[in-house]
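Enquirer: Sharing run.cif, mmCIF, C-alpha atoms:
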data_data
loop_
_atom_site.group_PDB
_atom_site.id
_atom_site.type_symbol
_atom_site.label_atom_id
_atom_site.label_comp_id
_atom_site.auth_asym_id
_atom_site.auth_seq_id
_atom_site.Cartn_x
_atom_site.Cartn_y
_atom_site.Cartn_z
ATOM 1 C CA MET D 199 -6.907 -2.594 1.419
ATOM 2 C CA ASN D 200 -9.563 -1.608 3.938
ATOM 3 C CA ASP D 201 -12.940 -1.220 2.253
ATOM 4 C CA LEU D 202 -15.140 -0.719 5.286
ATOM 5 C CA GLY D 203 -14.472 0.489 8.745
ATOM 6 C CA LEU D 204 -11.909 -1.852 10.315
ATOM 7 C CA TYR D 205 -9.231 -0.251 12.495
ATOM 8 C CA LEU D 206 -6.132 1.022 10.705
ATOM 9 C CA PRO D 207 -3.189 1.782 13.041
ATOM 10 C CA GLY D 208 -1.816 5.299 13.071
ATOM 11 C CA THR D 209 -0.143 7.947 15.215
ATOM 12 C CA SER D 210 -2.323 10.983 14.416
ATOM 13 C CA TRP D 211 -4.114 12.920 17.153
ATOM 14 C CA VAL D 212 -7.362 11.529 15.726
ATOM 15 C CA HIS D 213 -6.095 8.025 16.539
ATOM 16 C CA ARG D 214 -4.946 9.116 19.992
ATOM 17 C CA LEU D 215 -8.254 10.652 21.051
ATOM 18 C CA PRO D 216 -9.983 8.486 23.697
ATOM 19 C CA ALA D 217 -12.678 6.197 22.322
ATOM 20 C CA GLY D 218 -15.244 7.761 24.655
ATOM 21 C CA VAL D 219 -14.570 11.234 23.257
ATOM 22 C CA LYS D 220 -14.943 9.999 19.675
ATOM 23 C CA LEU D 221 -18.178 8.156 20.413
ATOM 24 C CA ALA D 222 -19.604 11.185 22.252
ATOM 25 C CA ALA D 223 -18.670 13.434 19.317
ATOM 26 C CA LEU D 224 -20.339 10.998 16.911
ATOM 27 C CA VAL D 225 -23.544 10.983 18.981
ATOM 28 C CA LEU D 226 -23.532 14.797 19.164
ATOM 29 C CA LEU D 227 -23.028 15.015 15.407
ATOM 30 C CA GLY D 228 -25.955 12.660 14.894
ATOM 31 C CA VAL D 229 -28.188 14.819 17.081
ATOM 32 C CA ALA D 230 -26.937 18.040 15.464
ATOM 33 C CA SER D 231 -27.497 16.656 11.958
ATOM 34 C CA ILE D 232 -31.178 17.602 12.168
ATOM 35 C CA LEU D 233 -30.040 21.234 12.421
ATOM 36 C CA ILE D 234 -27.560 21.076 9.533
ATOM 37 C CA ASP D 235 -29.206 22.904 6.659
ATOM 38 C CA GLY D 236 -28.090 24.660 3.519
ATOM 39 C CA VAL D 237 -25.760 23.677 0.702
ATOM 40 C CA VAL D 238 -22.849 25.718 2.095
ATOM 41 C CA THR D 239 -23.148 24.237 5.602
ATOM 42 C CA VAL D 240 -23.431 20.664 4.357
ATOM 43 C CA THR D 241 -20.534 21.095 1.921
ATOM 44 C CA ALA D 242 -18.389 22.620 4.664
ATOM 45 C CA GLY D 243 -19.223 19.698 6.975
ATOM 46 C CA VAL D 244 -18.208 17.088 4.394
ATOM 47 C CA ALA D 245 -15.059 19.075 3.562
ATOM 48 C CA LEU D 246 -14.125 19.233 7.259
ATOM 49 C CA MET D 247 -14.612 15.473 7.535
ATOM 50 C CA LEU D 248 -12.294 14.931 4.566
ATOM 51 C CA VAL D 249 -9.713 17.161 6.271
ATOM 52 C CA LEU D 250 -9.968 14.930 9.365
ATOM 53 C CA TYR D 251 -9.395 11.884 7.139
ATOM 54 C CA GLY D 252 -6.267 13.574 5.826
ATOM 55 C CA ILE D 253 -5.057 14.399 9.345
ATOM 56 C CA ALA D 254 -5.571 10.742 10.280
ATOM 57 C CA GLY D 255 -3.359 9.761 7.347
ATOM 58 C CA PHE D 256 -6.151 8.434 5.128
ATOM 59 C CA THR D 257 -6.586 9.160 1.437
ATOM 60 C CA PRO D 258 -9.730 10.518 -0.243
ATOM 61 C CA ARG D 259 -9.946 7.138 -1.956
ATOM 62 C CA LEU D 260 -10.373 5.418 1.397
ATOM 63 C CA ALA D 261 -13.057 7.950 2.352
ATOM 64 C CA TRP D 262 -14.848 7.181 -0.929
ATOM 65 C CA ARG D 263 -14.768 3.459 -0.136
ATOM 66 C CA GLN D 264 -16.778 4.136 3.027
ATOM 67 C CA VAL D 265 -19.562 5.781 1.008
ATOM 68 C CA LYS D 266 -19.354 3.646 -2.145
ATOM 69 C CA PRO D 267 -21.641 0.800 -0.923
ATOM 70 C CA LEU D 268 -24.460 3.359 -0.571
ATOM 71 C CA ARG D 269 -24.002 4.990 -3.971
ATOM 72 C CA TRP D 270 -27.161 3.579 -5.597
ATOM 73 C CA ILE D 271 -29.319 4.411 -2.588
ATOM 74 C CA LEU D 272 -27.863 7.922 -2.524
ATOM 75 C CA LEU D 273 -28.545 8.379 -6.237
ATOM 76 C CA PHE D 274 -32.170 7.341 -5.697
ATOM 77 C CA ILE D 275 -32.481 9.781 -2.775
ATOM 78 C CA VAL D 276 -30.979 12.577 -4.891
ATOM 79 C CA ALA D 277 -33.422 11.903 -7.728
ATOM 80 C CA PHE D 278 -36.441 11.711 -5.442
ATOM 81 C CA GLN D 279 -35.546 14.780 -3.369
ATOM 82 C CA TRP D 280 -34.751 16.793 -6.480
ATOM 83 C CA TRP D 281 -38.100 15.852 -8.017
ATOM 84 C CA ALA D 282 -40.076 16.423 -4.802
ATOM 85 C CA ARG D 283 -38.345 19.423 -3.223
ATOM 86 C CA GLY D 284 -35.633 20.741 -5.521
ATOM 87 C CA TRP D 285 -31.886 20.330 -5.932
ATOM 88 C CA GLN D 286 -31.007 22.152 -2.712
ATOM 89 C CA SER D 287 -33.002 19.670 -0.638
ATOM 90 C CA ALA D 288 -31.326 16.799 -2.519
ATOM 91 C CA VAL D 289 -27.875 18.164 -1.669
ATOM 92 C CA ASP D 290 -28.872 18.752 1.977
ATOM 93 C CA VAL D 291 -30.255 15.258 2.580
ATOM 94 C CA VAL D 292 -27.551 13.324 0.744
ATOM 95 C CA GLY D 293 -24.806 15.546 2.146
ATOM 96 C CA VAL D 294 -25.901 14.902 5.726
ATOM 97 C CA ILE D 295 -26.041 11.139 5.103
ATOM 98 C CA VAL D 296 -22.532 11.186 3.573
ATOM 99 C CA LEU D 297 -21.267 13.294 6.489
ATOM 100 C CA LEU D 298 -22.625 10.843 9.094
ATOM 101 C CA VAL D 299 -21.319 7.787 7.218
ATOM 102 C CA LEU D 300 -17.851 9.336 6.923
ATOM 103 C CA ALA D 301 -17.873 10.303 10.610
ATOM 104 C CA ALA D 302 -18.912 6.832 11.780
ATOM 105 C CA ALA D 303 -16.309 5.205 9.521
ATOM 106 C CA LEU D 304 -13.604 7.564 10.795
ATOM 107 C CA VAL D 305 -14.348 6.502 14.364
ATOM 108 C CA THR D 306 -14.030 2.803 13.542
ATOM 109 C CA LEU D 307 -10.979 3.347 11.322
ATOM 110 C CA THR D 308 -9.092 5.174 14.092
ATOM 111 C CA THR D 309 -10.327 3.231 17.137
ATOM 112 C CA ARG D 310 -9.860 -0.403 18.049
ATOM 113 C CA THR D 311 -13.134 -2.304 18.323
ATOM 114 C CA SER D 312 -12.155 -3.454 21.815
ATOM 115 C CA ALA D 313 -11.837 0.194 22.950
ATOM 116 C CA LEU D 314 -15.269 1.061 21.531
ATOM 117 C CA VAL D 315 -16.830 -1.960 23.219
ATOM 118 C CA ASP D 316 -15.177 -1.085 26.556
ATOM 119 C CA VAL D 317 -16.737 2.383 26.440
ATOM 120 C CA ILE D 318 -20.189 1.007 25.675
ATOM 121 C CA ILE D 319 -19.923 -1.543 28.493
ATOM 122 C CA ALA D 320 -18.870 1.208 30.933
ATOM 123 C CA VAL D 321 -21.832 3.382 29.885
ATOM 124 C CA LEU D 322 -24.288 0.495 30.315
ATOM 125 C CA ARG D 323 -23.036 -0.727 33.714
ATOM 126 C CA PRO D 324 -25.434 1.511 35.702
ATOM 127 C CA LEU D 325 -28.310 -0.317 33.953
ATOM 128 C CA ARG D 326 -27.465 -3.676 35.563
ATOM 129 C CA PRO D 327 -30.352 -3.330 38.086
ATOM 130 C CA LEU D 328 -32.681 -3.211 35.061
ATOM 131 C CA ARG D 329 -31.312 -6.633 33.981
ATOM 132 C CA VAL D 330 -29.216 -5.159 31.196
ATOM 133 C CA GLN D 331 -26.091 -7.236 30.655
ATOM 134 C CA PRO D 332 -23.401 -4.800 29.443
ATOM 135 C CA GLU D 333 -20.938 -7.509 28.418
ATOM 136 C CA ARG D 334 -23.490 -9.183 26.158
ATOM 137 C CA VAL D 335 -24.474 -5.883 24.612
ATOM 138 C CA GLY D 336 -20.788 -5.158 24.032
ATOM 139 C CA LEU D 337 -20.316 -8.546 22.384
ATOM 140 C CA LEU D 338 -23.337 -7.942 20.161
ATOM 141 C CA ILE D 339 -21.968 -4.568 19.045
ATOM 142 C CA ALA D 340 -18.508 -6.026 18.407
ATOM 143 C CA LEU D 341 -20.034 -8.774 16.269
ATOM 144 C CA GLY D 342 -22.115 -6.198 14.405
ATOM 145 C CA ILE D 343 -19.091 -4.021 13.642
ATOM 146 C CA ARG D 344 -17.133 -7.063 12.484
ATOM 147 C CA ALA D 345 -20.029 -8.309 10.342
ATOM 148 C CA VAL D 346 -19.967 -5.281 8.010
ATOM 149 C CA PRO D 347 -16.520 -5.876 6.440
ATOM 150 C CA ILE D 348 -17.127 -9.635 6.456
ATOM 151 C CA ALA D 349 -20.343 -9.178 4.456
ATOM 152 C CA ALA D 350 -18.515 -6.809 2.097
ATOM 153 C CA GLY D 351 -15.794 -9.433 1.644
ATOM 154 C CA PHE D 352 -18.387 -12.110 0.848
ATOM 155 C CA SER D 353 -19.959 -9.739 -1.678
ATOM 156 C CA ASN D 354 -16.624 -9.189 -3.434
ATOM 157 C CA GLU D 355 -15.884 -12.933 -3.487
ATOM 158 C CA VAL D 356 -19.270 -13.724 -5.035
ATOM 159 C CA ARG D 357 -18.884 -10.972 -7.652
ATOM 160 C CA ASP D 358 -15.413 -12.254 -8.592
ATOM 161 C CA ALA D 359 -16.721 -15.822 -8.907
ATOM 162 C CA GLN D 360 -19.670 -14.538 -10.940
ATOM 163 C CA ARG D 361 -17.374 -12.767 -13.396
ATOM 164 C CA ALA D 362 -15.057 -15.814 -13.612
ATOM 165 C CA ARG D 363 -18.017 -17.984 -14.628
ATOM 166 C CA GLY D 364 -19.177 -15.433 -17.194
ATOM 167 C CA LEU D 365 -22.540 -14.936 -15.497
ATOM 168 C CA GLY D 366 -22.546 -11.176 -15.992
ATOM 169 C CA ALA D 367 -24.810 -9.160 -13.711
ATOM 170 C CA SER D 368 -27.341 -11.885 -12.927
ATOM 171 C CA PRO D 369 -29.055 -10.971 -9.605
ATOM 172 C CA ARG D 370 -29.949 -14.615 -8.986
ATOM 173 C CA ALA D 371 -26.375 -15.828 -9.507
ATOM 174 C CA TYR D 372 -25.216 -13.124 -7.093
ATOM 175 C CA ALA D 373 -27.852 -13.299 -4.342
ATOM 176 C CA ALA D 374 -28.039 -17.081 -3.821
ATOM 177 C CA PRO D 375 -24.343 -17.749 -3.021
ATOM 178 C CA LEU D 376 -24.114 -14.536 -0.982
ATOM 179 C CA ILE D 377 -27.025 -15.623 1.223
ATOM 180 C CA VAL D 378 -25.583 -19.140 1.598
ATOM 181 C CA LYS D 379 -22.152 -17.764 2.575
ATOM 182 C CA SER D 380 -23.686 -15.354 5.074
ATOM 183 C CA LEU D 381 -25.855 -18.039 6.682
ATOM 184 C CA ARG D 382 -22.929 -20.458 6.969
ATOM 185 C CA HIS D 383 -20.849 -17.762 8.624
ATOM 186 C CA ALA D 384 -23.696 -16.945 11.020
ATOM 187 C CA ASP D 385 -24.004 -20.631 11.915
ATOM 188 C CA SER D 386 -20.291 -20.959 12.608
ATOM 189 C CA VAL D 387 -20.323 -17.826 14.801
ATOM 190 C CA GLY D 388 -23.367 -19.133 16.682
ATOM 191 C CA GLU D 389 -21.706 -22.502 17.285
ATOM 192 C CA ALA D 390 -18.563 -20.769 18.546
ATOM 193 C CA LEU D 391 -20.608 -18.655 20.975
ATOM 194 C CA VAL D 392 -22.511 -21.682 22.272
ATOM 195 C CA ALA D 393 -19.222 -23.553 22.724
ATOM 196 C CA ARG D 394 -18.077 -20.698 24.964
ATOM 197 C CA GLY D 395 -21.250 -20.796 27.033
ATOM 198 C CA LEU D 396 -22.981 -17.822 25.394
ATOM 199 C CA ASP D 397 -26.373 -19.184 24.360
#
Take the structure in this file and express it as structure tokens.
Expert:
Amino acid sequence: MNDLGLYLPGTSWVHRLPAGVKLAALVLLGVASILIDGVVTVTAGVALMLVLYGIAGFTPRLAWRQVKPLRWILLFIVAFQWWARGWQSAVDVVGVIVLLVLAAALVTLTTRTSALVDVIIAVLRPLRPLRVQPERVGLLIALGIRAVPIAAGFSNEVRDAQRARGLGASPRAYAAPLIVKSLRHADSVGEALVARGLD
């Protein structure tokens, strides 16, 4: 099971598109999102993204898993926008967020992290005279991408342990071990980087 954005092998044309093309399309979509307006347009955009998931060989359930971690935030945004500006604004704002999340997840699900990092390093190479170190930026991005599913995995482990101990939905029993696990992982990654000469 792939809850969040790690590469899933496939043979679809979405998988075969060059990483640079996918990243450029994602950036363009992000810029164009400020122009996306109207319930019909937003709905069509999300529907098109779901079609792309299908073409890539992914199920609607997998698409839902990409959005699921944001469900409470999205519900709050819907409630606030509906109260402040009406239901159409709520659909517009939340729809655009869902569209961008699905698009970003589709890129990472169909593209190896190494390919994404290679593109970013190539784009940043002209900035070397400005003391930008493309390889370090690439490493940082790779670690960031990898950290998302790791954090999600820690969250699931803590929730399972919480239920096994009969602690219910206690925020304290959930937050403390999650923070400890995350900090220990960060320490181990830092030690590994230092051991390889990356201070």
Enquirer: Sorted by chain and rising residue number, list the residues of segment 310-347 of chain D at most 9 Å from segment 215-237 of chain D (counting all atoms listed in the file), each with its closest atom pair and distance in Å to one decimal, as a tab-separated table.
Expert:
residue	atom	partner	partner_atom	distance
D:Arg310	CA	D:Ala217	CA	8.4
D:Ala313	CA	D:Ala217	CA	6.1
D:Leu314	CA	D:Ala217	CA	5.8
D:Asp316	CA	D:Ala217	CA	8.8
D:Val317	CA	D:Gly218	CA	5.9
D:Ile318	CA	D:Gly218	CA	8.4
Enquirer: Could you tell me how far atom CA of Val212 of chain D lies from atom CA of Val299 of chain D, in Å and to one decimal?
Expert: 16.8 Å
Enquirer: So which residues get picked by the PyMOL selection byres ((chain D and resi 247) around 10) here, written as a PDB file with C-alpha atoms, in the frame of the given file?
Expert:
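Generated output (expr.pdb):
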ATOM      1  CA  THR D 241     -20.534  21.095   1.921  1.00  0.00           C
ATOM      2  CA  ALA D 242     -18.389  22.620   4.664  1.00  0.00           C
ATOM      3  CA  GLY D 243     -19.223  19.698   6.975  1.00  0.00           C
ATOM      4  CA  VAL D 244     -18.208  17.088   4.394  1.00  0.00           C
ATOM      5  CA  ALA D 245     -15.059  19.075   3.562  1.00  0.00           C
ATOM      6  CA  LEU D 246     -14.125  19.233   7.259  1.00  0.00           C
ATOM      7  CA  LEU D 248     -12.294  14.931   4.566  1.00  0.00           C
ATOM      8  CA  VAL D 249      -9.713  17.161   6.271  1.00  0.00           C
ATOM      9  CA  LEU D 250      -9.968  14.930   9.365  1.00  0.00           C
ATOM     10  CA  TYR D 251      -9.395  11.884   7.139  1.00  0.00           C
ATOM     11  CA  GLY D 252      -6.267  13.574   5.826  1.00  0.00           C
ATOM     12  CA  ILE D 253      -5.057  14.399   9.345  1.00  0.00           C
ATOM     13  CA  ALA D 261     -13.057   7.950   2.352  1.00  0.00           C
ATOM     14  CA  VAL D 296     -22.532  11.186   3.573  1.00  0.00           C
ATOM     15  CA  LEU D 297     -21.267  13.294   6.489  1.00  0.00           C
ATOM     16  CA  LEU D 298     -22.625  10.843   9.094  1.00  0.00           C
ATOM     17  CA  LEU D 300     -17.851   9.336   6.923  1.00  0.00           C
ATOM     18  CA  ALA D 301     -17.873  10.303  10.610  1.00  0.00           C
ATOM     19  CA  LEU D 304     -13.604   7.564  10.795  1.00  0.00           C
TER      20      LEU D 304
END
Enquirer: Carefully work through the PyMOL selection byres ((chain D and resi 354-357) around 9) for this structure and note down the residues it includes, as a VMD selection string.
Expert: chain D and resid 349 to 353 358 to 362 367 371 to 373 375 to 376
Enquirer: As a check of understanding, name the residues that the PyMOL selection byres ((chain D and resi 325-338) around 12) selects in the supplied structure, as a list in words.
Expert: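 When the PyMOL selection byres ((chain D and resi 325-338) around 12) is applied to the shown file, the picked residues are Thr311, Ser312, Ala313, Leu314, Val315, Asp316, Val317, Ile318, Ile319, Ala320, Val321, Leu322, Arg323, Pro324, Ile339, Ala340, Leu341, Gly342, Ile343, Arg344, Ala345, Val387, Gly388, Leu391, Gly395, Leu396 and Asp397 of chain D.
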Enquirer: Just to confirm, what's the straight-line distance from atom CA of Val276 of chain D to atom CA of Val291 of chain D in Å (one decimal)?
Expert: 8.0 Å
Enquirer: When you draw a straight line from atom CA of Pro267 of chain D to atom CA of Leu204 of chain D, how long is it in Å?
Expert: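 These atoms are spaced 15.1 Å apart.
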Enquirer: Taking only C-alpha atoms into account, which of D:Ile275, D:Ile295, D:His213, D:Arg269 comes nearest Val240 of chain D?
Expert: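 Ranked by minimum distance to Val240 of chain D, first place goes to D:Ile295.
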Enquirer: Tell me which of D:Ile271, D:Thr308, D:Thr239, D:Arg394 sits closest to Ser210 of chain D, counting only C-alpha atoms.
Expert: D:Thr308
Enquirer: Taking all atoms of segment 271-287 of chain D that appear in the file, build a box with edges along x, y and z, extend it by 6 Å on every side, and state its centre and edge lengths in Å to one decimal, as JSON.
Expert:
{"center_x": -34.0, "center_y": 13.3, "center_z": -4.3, "size_x": 24.2, "size_y": 29.7, "size_z": 19.4}
